[in-house]
Structure formats: C-alpha cells, structure tokens
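Here the structure comes first, spelled out in structure tokens, and everything after it is commentary.
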Amino acid sequence: MFNAITQSQIYVLDQDEALDFYVGKLGLEVSADVPLGFMRWLTVSVPGHPERQILLEKPGAPAMSEQTAEQVRELITKGVMGGWLIFTTDDCRGTYKTLLDKGVEFTEEPTERPYGIDCGLRDPFGNRIRFTQPRA
C-alpha cells in the first residue's frame, strides 16, 4: 500500500505573499514554482527535505468554480478555513526568538508540554502553524 506522504495542501489568498512568509520568514525553500496556465503549482518544503512538500494553493480553477472559490476566499478571510501545519525543531525557544525578530506574530509562546516544548502562530491567511521541540 502507501509508503509516504509527499504533498499536503493549504489555501492561501496570495501566493507571492505566501512565499514571503514561508520562505522569507519561516525559512522553508521552494520545491516547485510552475505556471500551468490554469493555476500556479507552488510548493515549499523544509530545507533538505524535498520529499515532503506543502502546496500553497490559491482557491480557484481547476479544483473549483469561481463561485465556490469566492466562498472559500471569504472563509479564509474570516479565519475559519485555515489548515494546520506542525513542524519540529531542535530549539523551540530559539526558533521562536528568531521568528519574533522577523516580525512573525504568535498565538502562543513556547510552552512546556508532556511531549516537549511547542508554540503556535498563524500565517497571513489564518492557517495555524505549530512547531515542537520533542522531548529527548
């Protein structure tokens, strides 16, 4: 059967703004940026791990009609359509400080949990992001 997850998808309203956030601030790297005519196939990944990509998809064709895309954009704008991304790090507090210095807005500061230290933020489109420093 299956042996890997290669791509996941989240909705973004502006792919260039998403690149600025995910690459410029979070430090991910572009895996693919392909203009297909009917859409732009834009994926990012953790540096050194292109086998697991995140598709930064703008709502629209070919996946949905313009009417449905407008409804999805409205839900994203309201902050109720966001997806989830969870990353790991070797230093949650250090990563938090680095991102804070880059202007990233957090929803939760680094907090001790039974499984490690983690914190939360949202991207410019309402997608929820967490990163965790797992317990050793």
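Just remember, in the structure tokens the first chain shown is A, the second B, etc., residues are 1-based per chain, and ligands are 1-based in the order shown.
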
Using only C-alpha atoms, I'd like a table of the residues in stretch 82-124 of chain A that come within 12 Å of stretch 39-52 of chain A; for each, show the closest atom pair and its distance in Å rounded to one decimal, ordered by chain and ascending number, as a Markdown table.
| residue | atom | partner | partner_atom | distance |
| --- | --- | --- | --- | --- |
| A:Leu85 | CA | A:Ser45 | CA | 11.6 |
| A:Ile86 | CA | A:Val46 | CA | 11.5 |
| A:Phe87 | CA | A:Val46 | CA | 8.8 |
| A:Thr88 | CA | A:Val46 | CA | 10.1 |
| A:Thr89 | CA | A:Val46 | CA | 10.9 |

Next on the checklist: Can you tell me which residues surround A:Thr132 at a distance of at most 10 Å, considering only C-alpha atoms, apart from same-chain residues fewer than 3 positions away, and format the answer as a list of chain:residue names?
Outcome noted: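 The filter keeps A:Ile86, A:Phe87, A:Thr88, A:Thr89, A:Asp90, A:Asp91, A:Cys92, A:Arg93, A:Thr95, A:Pro110, A:Thr111, A:Glu112, A:Arg113, A:Tyr115, A:Gly116, A:Ile117, A:Asp118, A:Cys119, A:Gly120, A:Arg135.
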
Let's have the selection written as a short mmCIF file (atom, residue, chain, number, x, y, z; two decimals), in the first residue's frame, with all heavy atoms.
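Result went into result_28.cif, see below:
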data_model
loop_
_atom_site.label_atom_id
_atom_site.label_comp_id
_atom_site.auth_asym_id
_atom_site.auth_seq_id
_atom_site.Cartn_x
_atom_site.Cartn_y
_atom_site.Cartn_z
N ILE A 86 2.37 21.38 11.31
CA ILE A 86 3.13 21.19 12.54
C ILE A 86 4.55 20.80 12.14
O ILE A 86 4.75 19.82 11.43
CB ILE A 86 2.51 20.12 13.45
CG1 ILE A 86 1.07 20.51 13.81
CG2 ILE A 86 3.36 19.93 14.71
CD1 ILE A 86 0.30 19.45 14.58
N PHE A 87 5.51 21.59 12.60
CA PHE A 87 6.92 21.35 12.31
C PHE A 87 7.62 20.93 13.59
O PHE A 87 7.12 21.18 14.69
CB PHE A 87 7.59 22.64 11.80
CG PHE A 87 7.03 23.16 10.51
CD1 PHE A 87 6.10 24.17 10.50
CD2 PHE A 87 7.46 22.63 9.30
CE1 PHE A 87 5.58 24.67 9.31
CE2 PHE A 87 6.95 23.12 8.10
CZ PHE A 87 6.01 24.13 8.10
N THR A 88 8.79 20.33 13.46
CA THR A 88 9.63 20.07 14.63
C THR A 88 10.88 20.92 14.53
O THR A 88 11.29 21.35 13.45
CB THR A 88 10.03 18.58 14.74
OG1 THR A 88 10.71 18.18 13.55
CG2 THR A 88 8.82 17.70 14.96
N THR A 89 11.48 21.17 15.67
CA THR A 89 12.71 21.95 15.77
C THR A 89 13.54 21.40 16.91
O THR A 89 13.01 20.78 17.83
CB THR A 89 12.40 23.45 15.99
OG1 THR A 89 13.62 24.17 16.09
CG2 THR A 89 11.59 23.68 17.25
N ASP A 90 14.85 21.63 16.84
CA ASP A 90 15.73 21.22 17.93
C ASP A 90 15.74 22.24 19.05
O ASP A 90 16.21 21.95 20.15
CB ASP A 90 17.16 21.02 17.41
CG ASP A 90 17.27 19.85 16.46
OD1 ASP A 90 16.50 18.88 16.60
OD2 ASP A 90 18.14 19.90 15.57
N ASP A 91 15.25 23.46 18.77
CA ASP A 91 15.29 24.54 19.76
C ASP A 91 14.06 25.42 19.60
O ASP A 91 14.08 26.41 18.88
CB ASP A 91 16.58 25.35 19.57
CG ASP A 91 16.73 26.49 20.57
OD1 ASP A 91 15.88 26.62 21.48
OD2 ASP A 91 17.70 27.25 20.43
N CYS A 92 12.99 25.08 20.29
CA CYS A 92 11.73 25.80 20.16
C CYS A 92 11.88 27.26 20.59
O CYS A 92 11.42 28.16 19.88
CB CYS A 92 10.64 25.11 20.99
SG CYS A 92 9.00 25.82 20.76
N ARG A 93 12.51 27.49 21.71
CA ARG A 93 12.64 28.87 22.20
C ARG A 93 13.53 29.71 21.28
O ARG A 93 13.26 30.87 21.03
CB ARG A 93 13.14 28.88 23.64
CG ARG A 93 12.07 28.42 24.62
CD ARG A 93 12.52 28.56 26.07
NE ARG A 93 11.45 28.21 26.96
CZ ARG A 93 11.21 26.98 27.44
NH1 ARG A 93 11.99 25.99 27.09
NH2 ARG A 93 10.19 26.76 28.24
N THR A 95 14.03 29.18 18.02
CA THR A 95 13.28 29.39 16.78
C THR A 95 12.22 30.46 16.99
O THR A 95 12.03 31.34 16.14
CB THR A 95 12.64 28.07 16.31
OG1 THR A 95 13.68 27.10 16.09
CG2 THR A 95 11.85 28.26 15.04
N PRO A 110 6.29 29.76 23.49
CA PRO A 110 6.76 28.41 23.81
C PRO A 110 6.28 27.97 25.20
O PRO A 110 6.39 28.72 26.17
CB PRO A 110 8.29 28.54 23.77
CG PRO A 110 8.53 29.67 22.81
CD PRO A 110 7.40 30.63 23.06
N THR A 111 5.74 26.77 25.23
CA THR A 111 5.13 26.24 26.45
C THR A 111 5.56 24.80 26.65
O THR A 111 5.59 24.01 25.69
CB THR A 111 3.58 26.30 26.33
OG1 THR A 111 3.20 27.64 26.05
CG2 THR A 111 2.91 25.83 27.61
N GLU A 112 5.91 24.45 27.88
CA GLU A 112 6.26 23.07 28.23
C GLU A 112 5.00 22.20 28.15
O GLU A 112 3.95 22.57 28.70
CB GLU A 112 6.83 23.00 29.64
CG GLU A 112 8.14 23.71 29.82
CD GLU A 112 9.33 22.87 29.41
OE1 GLU A 112 9.19 21.64 29.22
OE2 GLU A 112 10.42 23.47 29.25
N ARG A 113 5.11 21.10 27.46
CA ARG A 113 4.02 20.12 27.32
C ARG A 113 4.57 18.74 27.70
O ARG A 113 5.77 18.54 27.76
CB ARG A 113 3.53 20.07 25.87
CG ARG A 113 3.20 21.41 25.26
CD ARG A 113 1.80 21.79 25.57
NE ARG A 113 1.49 23.05 24.89
CZ ARG A 113 0.55 23.86 25.24
NH1 ARG A 113 -0.21 23.57 26.27
NH2 ARG A 113 0.33 24.97 24.58
N TYR A 115 4.86 16.26 25.89
CA TYR A 115 5.60 15.72 24.74
C TYR A 115 6.78 16.57 24.33
O TYR A 115 7.53 16.22 23.43
CB TYR A 115 4.65 15.55 23.54
CG TYR A 115 3.85 16.79 23.23
CD1 TYR A 115 4.38 17.83 22.47
CD2 TYR A 115 2.55 16.94 23.72
CE1 TYR A 115 3.65 18.97 22.20
CE2 TYR A 115 1.81 18.09 23.46
CZ TYR A 115 2.37 19.09 22.69
OH TYR A 115 1.64 20.22 22.42
N GLY A 116 6.96 17.75 24.96
CA GLY A 116 8.07 18.63 24.61
C GLY A 116 7.67 20.09 24.80
O GLY A 116 6.77 20.41 25.56
N ILE A 117 8.34 20.97 24.07
CA ILE A 117 8.04 22.40 24.11
C ILE A 117 7.46 22.77 22.76
O ILE A 117 8.00 22.38 21.72
CB ILE A 117 9.33 23.22 24.35
CG1 ILE A 117 10.04 22.77 25.62
CG2 ILE A 117 9.00 24.72 24.41
CD1 ILE A 117 11.44 23.32 25.76
N ASP A 118 6.35 23.50 22.76
CA ASP A 118 5.81 23.95 21.48
C ASP A 118 5.19 25.32 21.59
O ASP A 118 5.02 25.85 22.68
CB ASP A 118 4.87 22.92 20.85
CG ASP A 118 3.45 22.97 21.36
OD1 ASP A 118 3.16 23.63 22.38
OD2 ASP A 118 2.59 22.37 20.72
N CYS A 119 4.89 25.90 20.44
CA CYS A 119 4.24 27.20 20.39
C CYS A 119 3.41 27.30 19.12
O CYS A 119 3.46 26.40 18.26
CB CYS A 119 5.26 28.33 20.48
SG CYS A 119 6.41 28.42 19.14
N GLY A 120 2.62 28.36 19.01
CA GLY A 120 1.70 28.47 17.89
C GLY A 120 1.73 29.84 17.24
O GLY A 120 2.02 30.85 17.88
N ARG A 135 10.46 15.95 23.32
CA ARG A 135 11.27 15.51 24.46
C ARG A 135 12.30 14.50 23.96
O ARG A 135 12.01 13.67 23.13
CB ARG A 135 10.41 14.84 25.51
CG ARG A 135 9.58 15.81 26.27
CD ARG A 135 9.46 15.38 27.73
NE ARG A 135 8.53 16.26 28.39
CZ ARG A 135 8.84 17.45 28.85
NH1 ARG A 135 10.05 17.92 28.70
NH2 ARG A 135 7.95 18.23 29.43
#

Next on the checklist: Taking only chain A into account, list the residues labelled strand (DSSP E or B) by DSSP (computed from the backbone), as an NGL selection string.
Outcome noted: :A and (7-11 or 29-35 or 40-45 or 53-57 or 84-88 or 106-113 or 116-122 or 128-134)

Item to check | stretch 7-17 of chain A environment, 12 Å, only C-alpha atoms, sequence neighbours closer than 3 positions dropped, as a PyMOL selection string | outcome: chain A and resi 4+20-25+30-35+39-45+49-60+63+69-70+72-77+79-86+122-129

Item to check | chain A: residues DSSP assigns to helix (DSSP H, G or I), reported as a PyMOL selection string | outcome: chain A and resi 15-25+66-78+92-101

Checklist entry - Distance atom CA of A:Glu109-atom CA of A:Tyr96, one decimal place? => result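 Between these atoms lies a distance of 7.7 Å.
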